[in-house]
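Peer 1: If it helps, the file is called target.txt and holds compact mmCIF, C-alpha atoms:
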# COMPACT_ATOMS: atom_id res chain seq x y z
CA MET P 1 18.69 -14.75 53.80
CA ARG P 2 16.76 -17.81 52.76
CA PHE P 3 15.58 -18.52 49.25
CA LYS P 4 12.70 -20.77 48.29
CA TYR P 5 13.04 -22.52 44.98
CA GLY P 6 10.22 -23.96 42.92
CA LYS P 7 9.74 -25.63 39.57
CA TYR P 8 10.19 -23.25 36.63
CA THR P 9 7.04 -22.83 34.61
CA PRO P 10 7.69 -21.23 31.21
CA ASN P 11 5.34 -18.47 30.07
CA PRO P 12 3.72 -19.37 26.71
CA VAL P 13 3.88 -15.70 25.70
CA ASP P 14 7.66 -16.04 25.44
CA ASP P 15 7.15 -18.52 22.58
CA LEU P 16 4.70 -16.25 20.76
CA ASP P 17 5.38 -15.52 17.08
CA MET P 18 4.23 -11.89 17.03
CA ASP P 19 4.73 -11.52 13.26
CA GLU P 20 2.47 -14.48 12.53
CA LEU P 21 -0.10 -13.25 15.03
CA MET P 22 -0.26 -9.80 13.44
CA SER P 23 -0.71 -11.38 10.02
CA LYS P 24 -3.63 -13.48 11.27
CA LEU P 25 -5.20 -10.38 12.85
CA SER P 26 -4.83 -8.26 9.70
CA ASP P 27 -8.47 -8.70 8.66
CA LEU P 28 -9.60 -7.27 11.99
CA LEU P 29 -6.98 -4.51 12.12
CA LEU P 30 -7.74 -3.43 8.52
CA SER P 31 -11.52 -3.86 8.85
CA SER P 32 -13.45 -1.93 6.23
CA GLY P 33 -17.01 -1.95 7.55
CA PHE P 34 -17.90 -5.25 5.88
CA GLN P 35 -20.18 -6.37 8.71
CA ASP P 36 -22.62 -3.49 8.30
CA PRO P 37 -22.07 -1.05 5.43
CA TYR P 38 -24.68 1.41 6.76
CA PHE P 39 -23.18 1.51 10.24
CA SER P 40 -19.53 2.32 10.87
CA GLY P 41 -19.15 -0.77 13.07
CA ASP P 42 -16.28 0.77 15.02
CA GLU P 43 -17.92 -0.05 18.34
CA ASP P 44 -17.95 -3.75 17.47
CA GLU P 45 -14.97 -4.29 15.16
CA ARG P 46 -12.55 -2.27 17.29
CA SER P 47 -13.67 -3.48 20.72
CA MET P 48 -11.45 -5.47 23.06
CA GLN P 49 -13.99 -8.29 22.86
CA ALA P 50 -13.54 -8.48 19.08
CA LEU P 51 -9.77 -8.48 19.55
CA TYR P 52 -10.05 -11.19 22.22
CA ASP P 53 -12.09 -13.40 19.87
CA ALA P 54 -9.66 -12.79 16.98
CA VAL P 55 -6.63 -13.71 19.11
CA LEU P 56 -8.40 -16.88 20.27
CA GLU P 57 -9.15 -17.86 16.68
CA ALA P 58 -5.53 -17.17 15.70
CA LEU P 59 -4.30 -19.43 18.50
CA LEU P 60 -6.66 -22.23 17.54
CA SER P 61 -5.70 -22.06 13.85
CA GLY P 62 -2.05 -22.76 14.73
CA GLY P 63 1.26 -21.21 13.75
CA VAL P 64 1.28 -18.58 16.50
CA LEU P 65 2.42 -20.83 19.35
CA PRO P 66 4.53 -24.00 19.17
CA ASP P 67 2.47 -27.17 18.81
CA GLU P 68 3.73 -28.47 22.17
CA THR P 69 2.51 -25.36 23.99
CA LEU P 70 -0.84 -25.45 22.25
CA GLN P 71 -1.20 -29.14 23.08
CA GLN P 72 -0.63 -28.43 26.75
CA LEU P 73 -3.27 -25.71 26.74
CA LEU P 74 -5.96 -27.37 24.66
CA GLY P 75 -4.96 -30.97 24.02
CA ASP P 76 -5.34 -34.20 25.93
CA GLN P 77 -2.91 -33.00 28.58
CA ALA P 78 -5.09 -30.00 29.48
CA ASP P 79 -6.60 -30.08 32.96
CA ASP P 80 -9.58 -28.37 34.52
CA GLY P 81 -7.72 -25.06 34.74
CA ALA P 82 -6.88 -24.99 31.02
CA ARG P 83 -9.66 -22.54 30.15
CA GLU P 84 -8.59 -20.10 32.82
CA ARG P 85 -4.96 -20.30 31.68
CA LEU P 86 -6.05 -19.76 28.07
CA GLU P 87 -7.98 -16.61 29.01
CA GLN P 88 -5.00 -15.35 30.98
CA LEU P 89 -2.73 -16.07 28.02
CA ILE P 90 -4.94 -14.05 25.65
CA ARG P 91 -4.93 -11.14 28.08
CA GLN P 92 -1.13 -11.28 28.25
CA ILE P 93 -0.95 -11.35 24.44
CA ILE P 94 -3.15 -8.26 24.16
CA GLU P 95 -1.04 -6.51 26.80
CA ARG P 96 2.08 -7.41 24.82
CA MET P 97 0.52 -5.96 21.69
CA GLN P 98 -0.05 -2.73 23.58
CA ASP P 99 3.47 -2.72 25.03
CA SER P 100 4.90 -3.34 21.54
CA GLY P 101 3.02 -0.34 20.19
CA PHE P 102 0.73 -2.21 17.75
CA ILE P 103 -2.52 -1.11 19.39
CA ALA P 104 -3.53 1.60 21.84
CA PRO P 105 -6.69 2.16 23.87
CA ALA P 106 -9.01 4.56 22.10
CA ALA P 107 -9.93 7.85 23.70
CA PRO P 108 -13.31 7.77 25.48
CA SER P 109 -16.27 8.77 23.32
CA LYS P 110 -19.68 9.84 24.58
CA SER P 111 -21.37 7.90 21.85
CA LEU P 112 -19.96 4.69 23.28
CA GLY P 113 -21.51 5.14 26.74
CA GLU P 114 -19.90 4.98 30.15
CA ARG P 115 -16.92 2.70 30.70
CA ARG P 116 -15.66 1.22 33.90
CA ALA P 117 -13.21 3.61 35.53
CA GLY P 118 -9.78 2.19 36.28
CA PRO P 119 -6.88 3.72 38.19
CA GLY P 120 -6.48 7.42 37.54
CA GLY P 121 -9.99 7.70 36.14
CA GLN P 122 -9.05 6.05 32.81
CA GLY P 123 -11.07 3.23 31.22
CA ASP P 124 -9.94 -0.29 31.98
CA PRO P 125 -7.85 -1.28 28.92
CA MET P 126 -9.03 -4.88 29.22
CA ASP P 127 -12.72 -4.01 29.47
CA THR P 128 -14.48 -5.88 26.63
CA ASN P 129 -16.45 -2.71 25.83
CA THR P 130 -13.31 -0.61 25.52
CA ARG P 131 -12.29 0.24 21.99
CA PHE P 132 -8.75 0.15 20.68
CA GLU P 133 -6.97 1.98 17.87
CA VAL P 134 -4.51 0.55 15.39
CA THR P 135 -1.23 2.44 15.53
CA ASP P 136 0.91 3.64 12.63
CA LYS P 137 3.52 1.05 13.62
CA ALA P 138 0.99 -1.75 13.13
CA LEU P 139 -0.15 -0.41 9.75
CA ASP P 140 3.45 -0.06 8.60
CA PHE P 141 4.14 -3.66 9.66
CA LEU P 142 1.03 -4.98 7.90
CA GLY P 143 2.01 -3.11 4.72
CA TYR P 144 5.48 -4.68 4.81
CA ARG P 145 4.04 -8.15 5.37
CA ALA P 146 1.59 -7.66 2.50
CA LEU P 147 4.44 -6.58 0.22
CA ARG P 148 6.56 -9.58 1.17
CA ASP P 149 3.68 -12.02 0.72
CA LEU P 150 2.63 -10.57 -2.63
CA LEU P 151 6.11 -10.52 -4.12
CA GLY P 152 6.86 -13.97 -2.74
CA SER P 153 3.74 -15.37 -4.36
CA VAL P 154 5.04 -14.43 -7.82
CA GLY P 155 8.47 -15.93 -7.21
CA LYS P 156 10.32 -12.66 -6.65
CA SER P 157 11.57 -11.26 -3.37
CA ASN P 158 13.91 -8.42 -4.27
CA PHE P 159 13.55 -5.63 -6.82
CA GLY P 160 15.83 -2.76 -7.63
CA ARG P 161 14.95 0.61 -9.05
CA HIS P 162 13.17 1.18 -12.35
CA ASP P 163 15.90 0.23 -14.80
CA THR P 164 15.55 1.20 -18.44
CA ARG P 165 17.59 0.54 -21.56
CA ASP P 166 18.98 4.10 -21.61
CA LEU P 167 22.32 5.22 -20.22
CA ALA P 168 22.82 8.56 -18.51
CA THR P 169 25.69 10.28 -16.71
CA GLY P 170 25.00 9.83 -13.05
CA ILE P 171 26.64 9.09 -9.74
CA GLU P 172 27.05 5.35 -10.16
CA ALA P 173 29.33 4.23 -13.00
CA SER P 174 27.73 1.07 -14.34
CA GLY P 175 27.95 1.69 -18.10
CA ALA P 176 30.51 2.54 -20.76
CA THR P 177 32.36 5.86 -20.80
CA LYS P 178 31.61 8.66 -23.28
CA PRO P 179 33.10 12.02 -24.27
CA TYR P 180 31.79 14.84 -22.13
CA GLU P 181 28.96 16.90 -23.60
CA PHE P 182 27.48 20.09 -22.23
CA GLY P 183 24.79 19.26 -19.68
CA ASP P 184 26.27 15.93 -18.57
CA THR P 185 26.85 15.30 -14.89
CA LEU P 186 30.58 15.76 -14.37
CA ASN P 187 31.17 12.18 -13.25
CA LEU P 188 34.69 12.08 -14.65
CA ASP P 189 36.49 8.93 -15.63
CA ALA P 190 39.88 10.14 -14.40
CA SER P 191 42.07 7.54 -16.11
CA ALA P 192 40.46 7.95 -19.54
CA THR P 193 40.54 11.76 -19.22
CA VAL P 194 44.26 11.82 -18.33
CA LEU P 195 45.03 9.34 -21.12
CA ASN P 196 43.35 11.62 -23.68
CA LEU P 197 45.25 14.58 -22.29
CA VAL P 198 48.62 12.83 -22.51
CA ARG P 199 47.99 11.62 -26.06
CA ARG P 200 46.96 15.05 -27.30
CA ALA P 201 49.70 16.94 -25.43
CA LYS P 202 52.47 14.64 -26.71
CA LEU P 203 51.45 15.39 -30.25
CA ALA P 204 50.96 19.10 -29.66
CA ARG P 205 54.01 20.08 -27.55
CA ALA P 206 57.50 18.87 -26.90
CA ASP P 207 58.06 20.76 -23.61
CA GLY P 208 55.88 18.34 -21.63
CA THR P 209 53.29 20.88 -20.39
CA LEU P 210 49.71 19.64 -20.16
CA ASP P 211 46.67 21.86 -20.73
CA LEU P 212 43.32 20.19 -20.12
CA GLU P 213 40.66 20.93 -22.73
CA TYR P 214 37.00 20.01 -23.08
CA ASP P 215 37.78 17.42 -25.73
CA ASP P 216 39.88 15.51 -23.19
CA LEU P 217 37.05 15.02 -20.74
CA VAL P 218 35.49 11.57 -20.46
CA VAL P 219 32.53 10.84 -18.19
CA ALA P 220 31.28 7.54 -16.85
CA GLN P 221 27.72 6.57 -17.61
CA GLY P 222 25.22 5.01 -15.26
CA GLU P 223 21.99 3.23 -16.08
CA TYR P 224 19.15 5.69 -16.56
CA GLN P 225 16.53 5.07 -13.91
CA SER P 226 13.10 6.55 -14.39
CA SER P 227 10.90 8.12 -11.74
CA CYS P 228 7.16 7.78 -11.49
CA ALA P 229 4.30 9.64 -9.84
CA THR P 230 1.35 7.40 -9.02
CA VAL P 231 -2.11 8.14 -7.70
CA ILE P 232 -4.14 5.19 -6.46
CA MET P 233 -7.86 5.70 -7.00
CA LEU P 234 -9.68 3.44 -4.58
CA ASP P 235 -13.41 2.86 -4.94
CA CYS P 236 -15.08 3.00 -1.50
CA SER P 237 -18.66 2.83 -2.74
CA HIS P 238 -21.31 0.50 -1.35
CA SER P 239 -20.72 -2.18 -3.97
CA MET P 240 -17.21 -2.93 -2.66
CA ILE P 241 -18.72 -4.90 0.23
CA LEU P 242 -21.88 -6.22 -1.38
CA TYR P 243 -22.75 -9.74 -2.51
CA GLY P 244 -21.18 -11.45 0.52
CA GLU P 245 -17.59 -10.50 -0.33
CA ASP P 246 -15.26 -7.88 1.12
CA ARG P 247 -13.31 -6.42 -1.80
CA PHE P 248 -12.25 -3.25 -0.02
CA THR P 249 -9.91 -4.79 2.58
CA PRO P 250 -7.79 -6.64 -0.06
CA ALA P 251 -7.63 -3.40 -2.06
CA LYS P 252 -6.37 -1.52 1.00
CA ARG P 253 -3.80 -4.23 1.63
CA VAL P 254 -2.51 -3.94 -1.94
CA ALA P 255 -2.27 -0.15 -1.71
CA MET P 256 -0.32 -0.45 1.56
CA ALA P 257 2.06 -2.94 -0.05
CA LEU P 258 2.62 -0.61 -3.00
CA ALA P 259 3.36 2.25 -0.60
CA GLN P 260 5.94 0.06 1.16
CA LEU P 261 7.53 -0.93 -2.16
CA ILE P 262 7.94 2.70 -3.21
CA ARG P 263 9.28 3.79 0.19
CA LEU P 264 11.83 0.97 0.40
CA GLN P 265 12.95 0.52 -3.20
CA TYR P 266 12.02 3.65 -5.15
CA PRO P 267 12.52 6.71 -2.93
CA GLY P 268 12.43 8.98 -6.00
CA ASP P 269 8.85 7.95 -6.79
CA SER P 270 5.72 9.43 -5.26
CA LEU P 271 2.44 7.79 -4.27
CA GLN P 272 -0.81 9.55 -3.40
CA LEU P 273 -4.27 8.22 -2.59
CA VAL P 274 -7.72 9.30 -3.78
CA LEU P 275 -10.94 7.78 -2.47
CA PHE P 276 -13.89 8.19 -4.80
CA HIS P 277 -17.53 7.67 -3.85
CA ASP P 278 -20.34 10.25 -4.21
CA SER P 279 -17.49 12.70 -4.66
CA ALA P 280 -13.71 12.29 -4.29
CA GLU P 281 -11.10 13.23 -1.72
CA GLU P 282 -7.37 12.95 -1.18
CA VAL P 283 -6.41 10.88 1.85
CA PRO P 284 -2.89 10.68 3.36
CA ILE P 285 -1.23 7.33 2.72
CA ALA P 286 -0.67 6.99 6.48
CA GLU P 287 -4.46 6.86 6.98
CA LEU P 288 -5.06 4.22 4.32
CA GLY P 289 -5.40 1.35 6.80
CA ARG P 290 -8.17 3.19 8.67
CA VAL P 291 -10.49 4.15 5.81
CA LYS P 292 -13.85 2.40 5.39
CA VAL P 293 -16.54 2.01 2.79
CA GLY P 294 -19.94 3.64 3.07
CA PRO P 295 -23.40 3.79 1.47
CA TYR P 296 -22.03 5.68 -1.51
CA TYR P 297 -22.42 5.77 -5.26
CA THR P 298 -19.45 5.76 -7.68
CA ASN P 299 -18.32 9.15 -8.98
CA THR P 300 -15.47 7.96 -11.20
CA ARG P 301 -15.26 11.25 -13.12
CA GLU P 302 -14.64 13.27 -9.95
CA GLY P 303 -11.94 10.83 -8.82
CA LEU P 304 -10.15 11.07 -12.18
CA ARG P 305 -10.38 14.85 -12.15
CA LEU P 306 -8.84 15.11 -8.68
CA ALA P 307 -6.10 12.58 -9.52
CA ARG P 308 -5.24 14.44 -12.74
CA ARG P 309 -4.86 17.75 -10.90
CA MET P 310 -2.60 16.11 -8.33
CA LEU P 311 -0.40 14.51 -11.00
CA GLU P 312 -0.13 17.70 -13.06
CA ARG P 313 1.83 19.18 -10.15
CA GLN P 314 4.37 16.34 -10.32
CA ARG P 315 7.50 16.55 -12.46
CA LYS P 316 8.29 12.90 -13.09
CA ASP P 317 9.24 10.81 -16.11
CA MET P 318 5.96 8.95 -15.80
CA ARG P 319 2.61 9.83 -14.31
CA GLN P 320 -0.08 7.24 -13.86
CA ILE P 321 -3.40 6.52 -12.19
CA VAL P 322 -4.03 3.08 -10.71
CA MET P 323 -7.81 2.76 -10.41
CA ILE P 324 -9.22 -0.12 -8.34
CA THR P 325 -12.98 -0.50 -8.61
CA ASP P 326 -15.76 -3.03 -8.98
CA GLY P 327 -18.67 -0.88 -10.04
CA LYS P 328 -19.89 1.18 -12.91
CA PRO P 329 -19.90 5.01 -12.77
CA SER P 330 -23.17 5.95 -11.11
CA ALA P 331 -22.68 9.53 -9.92
CA LEU P 332 -21.66 12.86 -11.40
CA THR P 333 -20.80 16.23 -9.87
CA GLN P 334 -22.76 18.91 -11.70
CA PRO P 335 -21.42 22.45 -12.31
CA ASP P 336 -23.51 23.83 -9.45
CA GLY P 337 -21.97 21.28 -7.03
CA ARG P 338 -25.01 19.00 -6.78
CA ILE P 339 -24.49 15.25 -7.15
CA TYR P 340 -26.43 13.49 -9.89
CA ARG P 341 -26.95 9.80 -9.06
CA ASN P 342 -28.25 6.91 -11.13
CA ALA P 343 -27.43 3.35 -10.09
CA PHE P 344 -29.53 1.66 -12.81
CA GLY P 345 -27.38 0.68 -15.74
CA LEU P 346 -24.77 2.81 -17.46
CA ASP P 347 -26.23 6.30 -17.56
CA PRO P 348 -25.24 7.93 -20.91
CA LEU P 349 -24.62 11.31 -19.24
CA VAL P 350 -22.39 9.85 -16.53
CA VAL P 351 -20.47 7.68 -19.01
CA SER P 352 -19.89 10.48 -21.51
CA GLU P 353 -18.60 12.91 -18.86
CA THR P 354 -16.36 10.20 -17.38
CA LEU P 355 -14.85 9.38 -20.78
CA ARG P 356 -14.30 13.08 -21.39
CA GLU P 357 -12.22 13.23 -18.22
CA VAL P 358 -10.30 10.15 -19.38
CA ALA P 359 -9.44 12.07 -22.56
CA ASN P 360 -8.25 15.00 -20.44
CA CYS P 361 -5.90 12.64 -18.61
CA ARG P 362 -4.47 11.45 -21.89
CA LYS P 363 -3.88 15.04 -23.04
CA ALA P 364 -1.99 15.64 -19.81
CA GLY P 365 0.23 12.61 -20.50
CA ILE P 366 -1.28 10.55 -17.68
CA MET P 367 -1.82 6.82 -18.11
CA ILE P 368 -4.78 5.08 -16.46
CA ASN P 369 -4.53 1.42 -15.52
CA THR P 370 -7.83 -0.01 -14.32
CA PHE P 371 -8.07 -3.04 -12.05
CA MET P 372 -11.64 -4.27 -12.24
CA LEU P 373 -13.12 -6.59 -9.61
CA ALA P 374 -16.29 -7.35 -11.59
CA ARG P 375 -17.16 -8.99 -14.92
CA ASP P 376 -20.46 -7.42 -16.03
CA TYR P 377 -20.64 -7.29 -19.81
CA ASP P 378 -21.48 -3.58 -20.05
CA LEU P 379 -18.89 -2.71 -17.43
CA VAL P 380 -16.18 -4.67 -19.24
CA ALA P 381 -16.93 -2.72 -22.40
CA PHE P 382 -16.73 0.56 -20.53
CA VAL P 383 -13.36 -0.29 -18.92
CA ARG P 384 -11.92 -1.36 -22.26
CA ARG P 385 -13.03 1.94 -23.72
CA VAL P 386 -11.20 3.77 -20.92
CA ALA P 387 -8.03 1.78 -21.65
CA GLU P 388 -8.34 2.49 -25.37
CA ILE P 389 -8.68 6.25 -24.91
CA CYS P 390 -5.76 6.69 -22.51
CA ARG P 391 -3.62 3.87 -23.96
CA GLY P 392 -3.57 2.21 -20.58
CA LYS P 393 -4.41 -1.29 -19.48
CA ALA P 394 -7.49 -3.01 -18.13
CA TYR P 395 -7.11 -5.94 -15.74
CA PHE P 396 -10.09 -8.07 -14.79
CA THR P 397 -9.09 -9.76 -11.58
CA THR P 398 -10.33 -10.95 -8.18
CA PRO P 399 -9.54 -9.80 -4.63
CA TYR P 400 -7.20 -12.78 -4.33
CA THR P 401 -5.05 -11.96 -7.38
CA LEU P 402 -5.36 -8.17 -7.28
CA GLY P 403 -2.05 -7.67 -5.48
CA GLN P 404 -0.03 -9.65 -8.00
CA TYR P 405 -1.50 -7.73 -10.92
CA VAL P 406 -0.95 -4.30 -9.34
CA LEU P 407 2.62 -4.86 -8.16
CA MET P 408 3.83 -6.67 -11.26
CA ASP P 409 2.31 -4.00 -13.50
CA TYR P 410 4.03 -1.30 -11.48
CA LEU P 411 7.39 -3.08 -11.66
CA GLU P 412 7.34 -4.22 -15.28
CA LYS P 413 5.72 -1.27 -17.01
CA LYS P 414 8.45 1.22 -16.30
CA THR P 415 11.18 -0.83 -17.92
CA ARG P 416 9.29 -0.42 -21.20
CA THR P 417 8.10 3.17 -20.98
CA VAL P 418 11.34 5.21 -21.01
CA HIS P 419 13.76 4.35 -23.82
Can the structure from this file be put into structure tokens for me?
Peer 2:
Amino acid sequence: MRFKYGKYTPNPVDDLDMDELMSKLSDLLLSSGFQDPYFSGDEDERSMQALYDAVLEALLSGGVLPDETLQQLLGDQADDGARERLEQLIRQIIERMQDSGFIAPAAPSKSLGERRAGPGGQGDPMDTNTRFEVTDKALDFLGYRALRDLLGSVGKSNFGRHDTRDLATGIEASGATKPYEFGDTLNLDASATVLNLVRRAKLARADGTLDLEYDDLVVAQGEYQSSCATVIMLDCSHSMILYGEDRFTPAKRVAMALAQLIRLQYPGDSLQLVLFHDSAEEVPIAELGRVKVGPYYTNTREGLRLARRMLERQRKDMRQIVMITDGKPSALTQPDGRIYRNAFGLDPLVVSETLREVANCRKAGIMINTFMLARDYDLVAFVRRVAEICRGKAYFTTPYTLGQYVLMDYLEKKTRTVH
């Protein structure tokens, strides 16, 4: 058998930094309808053509491929076939994303028209008109990256559980010992218990018999670690994408990072999500990366009411609402179910009913921390009033610093709450 040897040509895909690529594509993969708030935009934002353009931009911005490889493709050394090789490279990258489980071709939809039929009658996955879906694996990865970036930006990379200044008898012995009291976890300090027994028995009997009594028992203490139930209230009203700025995508990214933090570091905590707009609805955390804004008003009262009912079912040391918004309350659900809307100024009826619900949250022992993405004078006064009623906090921030405020508040607050 004869073999024909040729010069080895390395495949640039082998040098691809997939983590960096996914980070650069996060704006596309977490798109929130910023391009057209009155139109879902799925046909454009989630098309293979949009993904192709985003991958090309990521390659040109650098960091995804080694500089030498990029220079060969686009630099002075590039020949007439460079463009064709670049297109082939992008196709290979998209195929690798599919093989890695980060994206998947979307199921055909009649509203999207006819697609070119490929083998087996399925749509061609590389057709520029074909839509793709972001998988749970991709959303989980983007949440982890957001958490790492946010914590790294504040100079911290590793956090433990919610430590407090209290000591409690638990599984881990990290504190001083104490005499056993009824109700303590029986985490015995064996040496101290036997020592007490020997001392007492030597004084009580001369025959050497040992009878263990309650007064002999000594238990080891561990640091008391609090648990927390959190509901994120995320404003998905029209104002979150107005004025030439997308505030909703950074808010989603922060919520995903917080979910990752709780899952990895605080398994005893719980996190739930409420979207509030004309009304309010609970959304599974797993679907957070796929939610979008719409042409809605802001029914803050209904969001608080739903979040309060969800938290009242939780039995945790702390219960809190993290509300991320940029607009004033402009809608109200009336007793008959109709939605009252008024986007002009702070409507006295809407404000009064919203503050009444804030008071209900305080009576239920629920803290509300508001992260405001706007600085209107009247709105600032309203948010401060909310913080005053529920003894929470009001943060006036931007989409760029929102993550630091939310995560640091979550981490620091609980070391001061339970004493």
Peer 1: Give me, as an MDAnalysis selection string, all polymer residues having an atom no more than 10 Å from range 376-391 of chain P, counting all atoms listed in the file and skipping those fewer than 6 positions away in the same chain.
Peer 2: chainID P and resid 326:329 345:346 351 354:363 365:370
Peer 1: So what do you get for CA of Glu282 in chain P versus CA of Ser47 in chain P, distance-wise?
Peer 2: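 Those two atoms sit 28.1 Å apart.
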Peer 1: Do you have the CA of Asn187 in chain P-CA of Asp216 in chain P distance handy?
Peer 2: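 The value is 13.6 Å.
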Peer 1: Name the residues within 10 Å of (-23.6, -3.4, -5.6), counting only C-alpha atoms in the file's coordinates, and put them as a PyMOL selection string.
Peer 2: chain P and resi 237-243+297+326-328+343
Peer 1: Report the distance between CA of Phe396 in chain P and CA of Met372 in chain P in Å, rounded to one decimal place.
Peer 2: 4.8 Å
Peer 1: Quick one: of P:Gly289, P:Gly62, P:Gly81, P:Pro250, who's nearest to Leu30 in chain P, counting only C-alpha atoms?
Peer 2: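 The closest residue to Leu30 in chain P is P:Gly289.
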Peer 1: Can you tell me which residues surround Ala251 in chain P at a distance of at most 8 Å, considering all atoms listed in the file, apart from same-chain residues fewer than 5 positions away, and format the answer as number ranges by chain?
Peer 2: P: 234, 324, 399, 402-403
Peer 1: What residues have an atom no more than 9 Å from (-2.2, 7.5, 11.4) in the file's own frame, counting only C-alpha atoms, and can you write them as an mmCIF file with C-alpha atoms, in the coordinates of the input?
Peer 2:
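Output saved as selection_0.cif:
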data_model
loop_
_atom_site.group_PDB
_atom_site.id
_atom_site.type_symbol
_atom_site.label_atom_id
_atom_site.label_comp_id
_atom_site.auth_asym_id
_atom_site.auth_seq_id
_atom_site.Cartn_x
_atom_site.Cartn_y
_atom_site.Cartn_z
ATOM 1 C CA VAL P 134 -4.510 0.550 15.390
ATOM 2 C CA THR P 135 -1.230 2.440 15.530
ATOM 3 C CA ASP P 136 0.910 3.640 12.630
ATOM 4 C CA LYS P 137 3.520 1.050 13.620
ATOM 5 C CA LEU P 139 -0.150 -0.410 9.750
ATOM 6 C CA PRO P 284 -2.890 10.680 3.360
ATOM 7 C CA ILE P 285 -1.230 7.330 2.720
ATOM 8 C CA ALA P 286 -0.670 6.990 6.480
ATOM 9 C CA GLU P 287 -4.460 6.860 6.980
ATOM 10 C CA LEU P 288 -5.060 4.220 4.320
ATOM 11 C CA GLY P 289 -5.400 1.350 6.800
ATOM 12 C CA ARG P 290 -8.170 3.190 8.670
#
Peer 1: So that I can see what lies close to Asp347 in chain P, please list as an MDAnalysis selection string the residues with an atom at most 9 Å from it, counting only C-alpha atoms and leaving out residues fewer than 5 positions away in the same chain.
Peer 2: chainID P and resid 329:330 342 352
Peer 1: Could you work out an axis-aligned bounding box for all listed atoms of range 257-268 of chain P, with 8 Å added on each of the six sides, and give its centre and edge lengths in Å to one decimal, as lines of an AutoDock Vina configuration file?
Peer 2:
center_x = 7.5
center_y = 3.0
center_z = -2.4
size_x = 26.9
size_y = 27.9
size_z = 23.2
Peer 1: Excluding range 17-20 of chain P and any residue of its chain fewer than 5 positions from it, enumerate the residues within 7 Å of it, using all atoms listed in the file, and give them as a PDB file with C-alpha atoms, in the frame of the given file.
Peer 2:
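File written: out-v9.pdb
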ATOM      1  CA  GLY P  63       1.260 -21.210  13.750  1.00  0.00           C
ATOM      2  CA  VAL P  64       1.280 -18.580  16.500  1.00  0.00           C
ATOM      3  CA  LEU P  65       2.420 -20.830  19.350  1.00  0.00           C
TER       4      LEU P  65
END
Peer 1: Calculated over all atoms listed in the file, which of the candidates P:Ala307, P:Leu210, P:Ile339, P:Ala146 has the smallest distance to Ala259 in chain P?
Peer 2: P:Ala146
Peer 1: Calculated over all atoms listed in the file, which of the candidates P:Arg148, P:Arg46, P:Asp53, P:Ser270 has the smallest distance to Ala106 in chain P?
Peer 2: P:Arg46
Peer 1: Rank nothing, just name the residue among P:Tyr410, P:Tyr266, P:Phe182, P:Tyr400 nearest to Ser227 in chain P, using all atoms listed in the file.
Peer 2: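 Nearest to Ser227 in chain P: P:Tyr266.
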